[in-house]
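Scroll down for the structure; my scribbles are underneath it.
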4 protein chains.
Amino acid sequence: METPIVLTSTLNVWRVADAVVDYMLVLPGNEKVQSINPLVGETNDGYLNDIRGRHVGRDEVFAAIRHAKPGPVEEGVAGAGSGTVAFGFKGGIGTSSRRLPANLGGYTVGVLVQTNFGGILSIAGAPIGQELGRYYLHDELDTAKGSVIVVVATDAPLDARNLKRLAARTMMGLARTGAAGNNGSGDYAIAFSTSHAPSLVTNDGMSPLFLAAIEATEEAVYNSLFRATTTTGRGHTVEALPIDKTLEILRRHQIVK
Amino acid sequence: METPIVLTSTLNVWRVADAVVDYMLVLPGNEKVQSINPLVGETNDGYLNDIRGRHVGRDEVFAAIRHAKPGPVEEGVAGAGSGTVAFGFKGGIGTSSRRLPANLGGYTVGVLVQTNFGGILSIAGAPIGQELGRYYLHDELDTAKGSVIVVVATDAPLDARNLKRLAARTMMGLARTGAAGNNGSGDYAIAFSTSHAPSLVTNDGMSPLFLAAIEATEEAVYNSLFRATTTTGRGHTVEALPIDKTLEILRRHQIVK
Amino acid sequence: METPIVLTSTLNVWRVADAVVDYMLVLPGNEKVQSINPLVGETNDGYLNDIRGRHVGRDEVFAAIRHAKPGPVEEGVAGAGSGTVAFGFKGGIGTSSRRLPANLGGYTVGVLVQTNFGGILSIAGAPIGQELGRYYLHDELDTAKGSVIVVVATDAPLDARNLKRLAARTMMGLARTGAAGNNGSGDYAIAFSTSHAPSLVTNDGMSPLFLAAIEATEEAVYNSLFRATTTTGRGHTVEALPIDKTLEILRRHQIVK
Amino acid sequence: METPIVLTSTLNVWRVADAVVDYMLVLPGNEKVQSINPLVGETNDGYLNDIRGRHVGRDEVFAAIRHAKPGPVEEGVAGAGSGTVAFGFKGGIGTSSRRLPANLGGYTVGVLVQTNFGGILSIAGAPIGQELGRYYLHDELDTAKGSVIVVVATDAPLDARNLKRLAARTMMGLARTGAAGNNGSGDYAIAFSTSHAPSLVTNDGMSPLFLAAIEATEEAVYNSLFRATTTTGRGHTVEALPIDKTLEILRRHQIVK
């Protein structure tokens with residue numbers, strides 16, 4: 001990766017990418033750089049957001065990068081998650097991670113999602129969407145829109161091939177939440193490693209990492225929903241997941257006590 | 001497709017493919033054929049089956065093709081599903097299908113699976129594997145083996161690109177059952193259309209077909225397990241899913257009444 | 001395709017894409033459009049061009065689209081070809097086409113290239129680069145940069161799969177000119193069809209189209225060089241292919257008379 | 001790679017693969033092996049060879065593997081190259097290699113081809129096929145058949161991604177010889193590294209290896225033709241490249257002196 005990863009809304013992606021390039025070009029040491037590949041992800045938030053207005057530009061990108069810091073990431077209605085909708089509820093940013101036991105390498109897999117897709121929400125197997133009667137596909141199976149961005153970070157030393165395989169596994173985590181892989185859903189995942197260790201994880205060593213990515217993605221989707229709050233925009237209101245009712249359903253299905 | 005699709009066990013695949021070619025070459029009308037692409041799938045059943053013996057050859061392939069007939073497909077411990085293991089239980093062949101409402105095209109999507117993979121079985125969200133304490137990854141997270149074949153047939157007129165997308169969606173159906181996408185799991189899907197209608201389904205029309213493939217794959221996996229019976233081979237016994245206990249768990253989780 | 005195809009230089013691509021979106025959003029009929037996928041290609045012209053300055057923005061993009069017209073395309077030092085270098089000579093925009101005989105469908109394949117890559121120029125087999133002693137890899141085999149854009153347009157009715165195969169064949173046309181496929185060379189091709197005929201060209205019918213794409217790409221590269229003129233920028237001068245000497249070499253090798 | 005690479009004719013590929021598995025299973029140390037991925041390539045030699053007879057089986061495969069030895073490889077009408085046709089001339093097996101200068105790593109790239117495809121032969125740019133008036137596409141542009149296998153071996157330490165990129169570059173070598181990438185031409189390349197050095201070649205270091213693969217592939221194709229001899233089979237005769245006439249053309253075009 002040559003730049004920070006920045007997430008935004010669909011029609012804004014090139015304006016933001018251009019701003020990322022602005023930012024990179026003036027960094028000390030980059031005076032002679034002539035090629036940059038900015039990494040900008042997007043989902044379509046046009047239901048709640050004035051997407052055609054493209055309100056995120058240079059100033060917002062510079063501020064976002066400059067204010068980035070280690071530690072917990074803001075979830076729910078935050079950043080590019082401000083206008084997203086998932087399973088008919090307010091979606092947003094969610095994160096989760098798994099750490100492998102030491103005998104399996106002790107590596108961490110962290111996942112961040114920007115949830116904005118259709119399907120029928122299932123939480124740890126409980127049919128939340130169905131019981132709450134609120135989901136994208138309810139009346140209009142064939143018109144569901146949206147997509148999801150999944151960013152996977154790991155400290156496991158992986159080559160390009162196994163990073164690609166790791167990214168692919170996140171789709172299995174999405175599927176566990178009830179995502180429907182609609183036509184308009186350009187679901188995609190980016191995976192990167194923070195390690196420069198020369199000794200790569202072997203193929204046989206990948207299975208625990210794959211399971212970690214699946215589980216962390218599933219949980220990150222739930223977190224994006226539990227942290228989101230009811231949001232109004234462009235004359236539309238999208239309600240947050242009703243947490244009390246959801247917990248009641250989860251209790252009834254013996255998912256939580 | 002130029003040949004029937006034949007499923008077998010890993011070390012047998014070339015012997016079976018050669019037999020399929022034998023079969024095709026002597027069909028009336030094929031006297032001058034000089035190229036055939038046989039379609040043979042495999043999963044590794046070496047735990048229960050004498051896989052090194054490669055006992056399926058010309059006679060068995062010819063018999064299988066000649067006895068193929070329309071109607072329900074034998075499920076469970078049948079054909080190449082005889083020696084497979086899924087989620088630590090006896091796996092096998094499973095089938096399922098979905099038909100779209102007439103206003104969405106009225107198309108049918110049929111799925112056949114040969115289940116032979118690890119993970120923790122979840123049925124319609126209920127944690128069956130966990131509650132029964134029997135699953136592949138229980139003691140040995142990093143050594144799970146196996147894979148799955150998914151065959152998708154539809155009468156929807158689709159081009160190669162949308163067939164590929166349809167096949168990819170079946171992995172979401174697998175994920176819903178608790179499949180873990182292990183390193184050794186060469187999970188793959190083949191999709192074909194029986195239609196020669198010139199007017200293809202549009203991209204926008206694919207979403208209901210995608211959901212149909214996801215759901216049918218999920219159900220086909222369950223069917224492969226419910227139909228399988230306890231099987232012994234090579235000194236190993238793999239028990240079938242205990243149906244009574246499973247139903248009790250499903251009732252407790254309010255999946256069935 | 002949802003937008004015109006626009007070509008530019010590497011660091012300018014997002015600014016141009018944002019301008020294309022500007023243009024599309026205000027077109028009559030697009031008042032409610034919330035998603036656009038602009039198609040912008042790039043090659044790195046930083047040797048001659050002040051690439052960091054990113055001088056092409058909204059005004060230039062609007063002008064380019066508004067002035068687009070049918071008929072011959074300007075070749076050589078034009079548009080995004082203004083700063084490109086190919087085989088150590090001044091590169092640029094080149095075009096060529098082939099029309100199939102009526103008994104093979106009568107289709108036309110048109111190719112436009114923006115040449116900006118290394119290698120040793122060969123014209124119809126004659127070792128031009130070697131005899132002229134001017135080529136990218138002369139002193140510095142391991143540092144060659146650059147890439148090429150190839151745009152293929154055809155009126156043959158092709159599905160996505162065969163368009164992709166057609167695009168892939170253009171790399172064979174590049175290879176015939178001496179392109180070396182360097183590491184930094186993000187060579188890529190885009191192919192599209194102008195036909196909406198429901199009856200697609202069969203796989204067997206593709207071979208003549210493939211050859212047409214190969215030949216047209218090869219010729220388009222030559223045209224980009226023959227039409228280019230010596231260009232100075234950023235203190236560097238890149239000379240045009242010396243036409244007289246080149247013709248002399250072609251005559252000596254019996255390519256032309 | 002788990003097995004030797006074996007090349008054969010199209011309809012024989014599964015029989016040969018099964019024999020390779022036979023061979024591997026009985027090797028000392030493999031007593032418990034339950035999974036093998038044999039690597040068998042094919043081209044269609046049905047014009048000269050009784051391809052439907054599938055005459056290569058267990059005995060021939062065992063003999064081929066047991067007699068394999070270091071040193072120069074037999075070229076021309078040898079092994080799976082016995083019945084192939086390229087550019088309308090007798091094709092076959094060809095090999096070539098390039099060694100990089102020490103300052104670029106000193107690595108060797110070796111290429112073996114089994115030539116069996118259409119197009120118009122060009123040697124180092126000289127239009128041999130056209131001047132000799134003998135080529136596949138002469139009368140029947142749309143019916144050309146065949147394909148090519150390219151095997152690339154290198155001692156450069158490369159990961160899977162860069163091996164794939166190296167293999168892709170061989171198509172540029174084929175293109176230089178006049179190959180036409182016909183629809184029926186399932187041209188493919190396999191690349192492998194003999195190195196287990198932990199320190200991989202960087203992306204920037206790949207360019208010289210790419211050029212080596214392109215050049216070695218081009219030369220290997222020529223060698224397959226120069227070494228092949230006129231061959232008769234199934235009532236057809238395919239003539240070898242007429243070497244005297246070819247040299248005369250090469251001299252006339254100043255390729256050789």
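Within each chain, counting starts at residue 1; across the structure tokens, chains are named A, B, ... in the order shown, with ligands numbered 1 upward in that order.
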*What lies within 12 Å of Glu2 of chain D using only C-alpha atoms, ignoring chain neighbours under 4 positions off, as number ranges by chain?*
D: 20-21, 23-25, 30, 33, 35-40, 192
*Apply DSSP to the structure's backbone, then extract all residues of segment 50-228 of chain C labelled alpha helix (DSSP H) and return them as a ChimeraX atom specification.*
/C:58-67,128-132,160-176,206-227
Take the selection from the previous step and output its residues with C-alpha atoms, as a compact mmCIF listing (two decimals), in the first residue's frame.
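And here is the file that came out, result_16.txt:
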# COMPACT_ATOMS: atom_id res chain seq x y z
CA ARG C 58 -12.95 20.07 -15.10
CA ASP C 59 -12.63 22.59 -17.93
CA GLU C 60 -10.35 20.42 -20.03
CA VAL C 61 -12.53 17.34 -19.53
CA PHE C 62 -15.73 19.17 -20.44
CA ALA C 63 -14.05 20.60 -23.53
CA ALA C 64 -12.70 17.22 -24.58
CA ILE C 65 -16.08 15.54 -24.29
CA ARG C 66 -17.94 18.39 -25.97
CA HIS C 67 -15.54 18.50 -28.88
CA ILE C 128 14.35 -0.69 -35.97
CA GLY C 129 15.27 -0.06 -32.36
CA GLN C 130 18.40 -2.11 -32.56
CA GLU C 131 19.63 -0.53 -35.78
CA LEU C 132 18.87 2.99 -34.55
CA ALA C 160 -18.57 -10.12 -21.67
CA ARG C 161 -16.49 -13.29 -21.85
CA ASN C 162 -15.54 -12.90 -25.49
CA LEU C 163 -14.89 -9.17 -25.10
CA LYS C 164 -12.43 -10.09 -22.36
CA ARG C 165 -10.76 -12.63 -24.62
CA LEU C 166 -10.62 -10.05 -27.43
CA ALA C 167 -8.96 -7.54 -25.13
CA ALA C 168 -6.41 -10.14 -24.04
CA ARG C 169 -5.37 -10.74 -27.64
CA THR C 170 -4.18 -7.15 -28.01
CA MET C 171 -1.17 -8.05 -25.86
CA MET C 172 -0.08 -10.28 -28.74
CA GLY C 173 -0.19 -7.25 -31.02
CA LEU C 174 1.97 -5.32 -28.59
CA ALA C 175 4.43 -8.20 -28.42
CA ARG C 176 4.88 -8.07 -32.17
CA MET C 206 -13.96 -15.43 -32.65
CA SER C 207 -10.67 -16.39 -34.35
CA PRO C 208 -10.88 -13.83 -37.14
CA LEU C 209 -11.80 -11.14 -34.63
CA PHE C 210 -8.81 -12.13 -32.51
CA LEU C 211 -6.48 -11.82 -35.47
CA ALA C 212 -8.04 -8.48 -36.36
CA ALA C 213 -7.39 -7.19 -32.83
CA ILE C 214 -3.79 -8.41 -32.91
CA GLU C 215 -3.08 -6.79 -36.27
CA ALA C 216 -4.87 -3.54 -35.50
CA THR C 217 -3.04 -3.19 -32.19
CA GLU C 218 0.32 -3.76 -33.87
CA GLU C 219 -0.45 -1.19 -36.54
CA ALA C 220 -1.85 1.31 -34.05
CA VAL C 221 1.45 1.23 -32.16
CA TYR C 222 3.35 1.96 -35.37
CA ASN C 223 0.96 4.80 -36.19
CA SER C 224 1.46 6.34 -32.75
CA LEU C 225 5.19 6.48 -33.47
CA PHE C 226 5.05 7.63 -37.07
CA ARG C 227 2.68 10.44 -36.20
*asked:* Neighbouring residues of Leu48 of chain C were defined as those with any atom within 10 Å, considering only C-alpha atoms; residues of the same chain fewer than 5 positions away were excluded. Please report them as a ChimeraX atom specification.
replied: /C:82-85,90,231-238
Expected file contents, prior selection, N, CA, C and O atoms, as a PDB file, in the first residue's frame:
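Final file, selection_29.pdb:
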ATOM      1  N   SER C  82       0.416  13.281 -25.304  1.00  0.00           N
ATOM      2  CA  SER C  82       1.369  14.394 -25.475  1.00  0.00           C
ATOM      3  C   SER C  82       2.720  14.128 -24.837  1.00  0.00           C
ATOM      4  O   SER C  82       3.747  14.553 -25.349  1.00  0.00           O
ATOM      5  N   GLY C  83       2.720  13.417 -23.702  1.00  0.00           N
ATOM      6  CA  GLY C  83       3.982  13.260 -22.983  1.00  0.00           C
ATOM      7  C   GLY C  83       4.519  11.843 -22.939  1.00  0.00           C
ATOM      8  O   GLY C  83       5.463  11.565 -22.199  1.00  0.00           O
ATOM      9  N   THR C  84       3.978  10.971 -23.723  1.00  0.00           N
ATOM     10  CA  THR C  84       4.374   9.564 -23.595  1.00  0.00           C
ATOM     11  C   THR C  84       5.633   9.242 -24.401  1.00  0.00           C
ATOM     12  O   THR C  84       5.987   9.934 -25.349  1.00  0.00           O
ATOM     13  N   VAL C  85       6.286   8.168 -23.980  1.00  0.00           N
ATOM     14  CA  VAL C  85       7.530   7.712 -24.623  1.00  0.00           C
ATOM     15  C   VAL C  85       7.402   6.205 -24.863  1.00  0.00           C
ATOM     16  O   VAL C  85       6.995   5.469 -23.963  1.00  0.00           O
ATOM     17  N   LYS C  90       9.482   9.232 -29.109  1.00  0.00           N
ATOM     18  CA  LYS C  90       8.237   9.867 -28.710  1.00  0.00           C
ATOM     19  C   LYS C  90       7.062   8.979 -29.114  1.00  0.00           C
ATOM     20  O   LYS C  90       6.895   8.627 -30.278  1.00  0.00           O
ATOM     21  N   THR C 231       9.456  16.108 -28.934  1.00  0.00           N
ATOM     22  CA  THR C 231       8.780  16.865 -27.879  1.00  0.00           C
ATOM     23  C   THR C 231       9.749  17.151 -26.739  1.00  0.00           C
ATOM     24  O   THR C 231      10.542  16.297 -26.352  1.00  0.00           O
ATOM     25  N   THR C 232       9.649  18.393 -26.235  1.00  0.00           N
ATOM     26  CA  THR C 232      10.485  18.793 -25.113  1.00  0.00           C
ATOM     27  C   THR C 232       9.605  19.154 -23.923  1.00  0.00           C
ATOM     28  O   THR C 232       8.573  19.807 -24.079  1.00  0.00           O
ATOM     29  N   GLY C 233      10.034  18.735 -22.753  1.00  0.00           N
ATOM     30  CA  GLY C 233       9.288  19.077 -21.548  1.00  0.00           C
ATOM     31  C   GLY C 233      10.127  18.782 -20.328  1.00  0.00           C
ATOM     32  O   GLY C 233      10.924  17.845 -20.318  1.00  0.00           O
ATOM     33  N   ARG C 234       9.987  19.588 -19.309  1.00  0.00           N
ATOM     34  CA  ARG C 234      10.723  19.403 -18.063  1.00  0.00           C
ATOM     35  C   ARG C 234      12.237  19.255 -18.297  1.00  0.00           C
ATOM     36  O   ARG C 234      12.895  18.470 -17.614  1.00  0.00           O
ATOM     37  N   GLY C 235      12.731  19.931 -19.296  1.00  0.00           N
ATOM     38  CA  GLY C 235      14.160  19.881 -19.556  1.00  0.00           C
ATOM     39  C   GLY C 235      14.611  18.654 -20.317  1.00  0.00           C
ATOM     40  O   GLY C 235      15.800  18.466 -20.565  1.00  0.00           O
ATOM     41  N   HIS C 236      13.656  17.821 -20.684  1.00  0.00           N
ATOM     42  CA  HIS C 236      14.002  16.628 -21.458  1.00  0.00           C
ATOM     43  C   HIS C 236      13.457  16.754 -22.870  1.00  0.00           C
ATOM     44  O   HIS C 236      12.403  17.338 -23.091  1.00  0.00           O
ATOM     45  N   THR C 237      14.184  16.183 -23.811  1.00  0.00           N
ATOM     46  CA  THR C 237      13.675  16.104 -25.172  1.00  0.00           C
ATOM     47  C   THR C 237      13.626  14.641 -25.594  1.00  0.00           C
ATOM     48  O   THR C 237      14.602  13.905 -25.409  1.00  0.00           O
ATOM     49  N   VAL C 238      12.504  14.240 -26.111  1.00  0.00           N
ATOM     50  CA  VAL C 238      12.383  12.888 -26.660  1.00  0.00           C
ATOM     51  C   VAL C 238      12.131  13.023 -28.145  1.00  0.00           C
ATOM     52  O   VAL C 238      11.175  13.668 -28.580  1.00  0.00           O
TER      53      VAL C 238
END
*Could you give me, as a PyMOL selection string, each residue of segment 89-206 of chain B that DSSP assigns to strand (DSSP E or B) when run on this structure's backbone?*
chain B and resi 89-90+93-99+108-116+119+123+126+147-154+179+188-193
*Grab the atom CA of Asp50 of chain D to atom CA of Ser9 of chain D distance for me, in Å with one decimal place.*
10.0 Å
*Nearest to chain A: which of B:Val256, B:Leu100, B:Ile190, B:Ala126 is it, counting only C-alpha atoms?*
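Closest candidate: B:Ala126.
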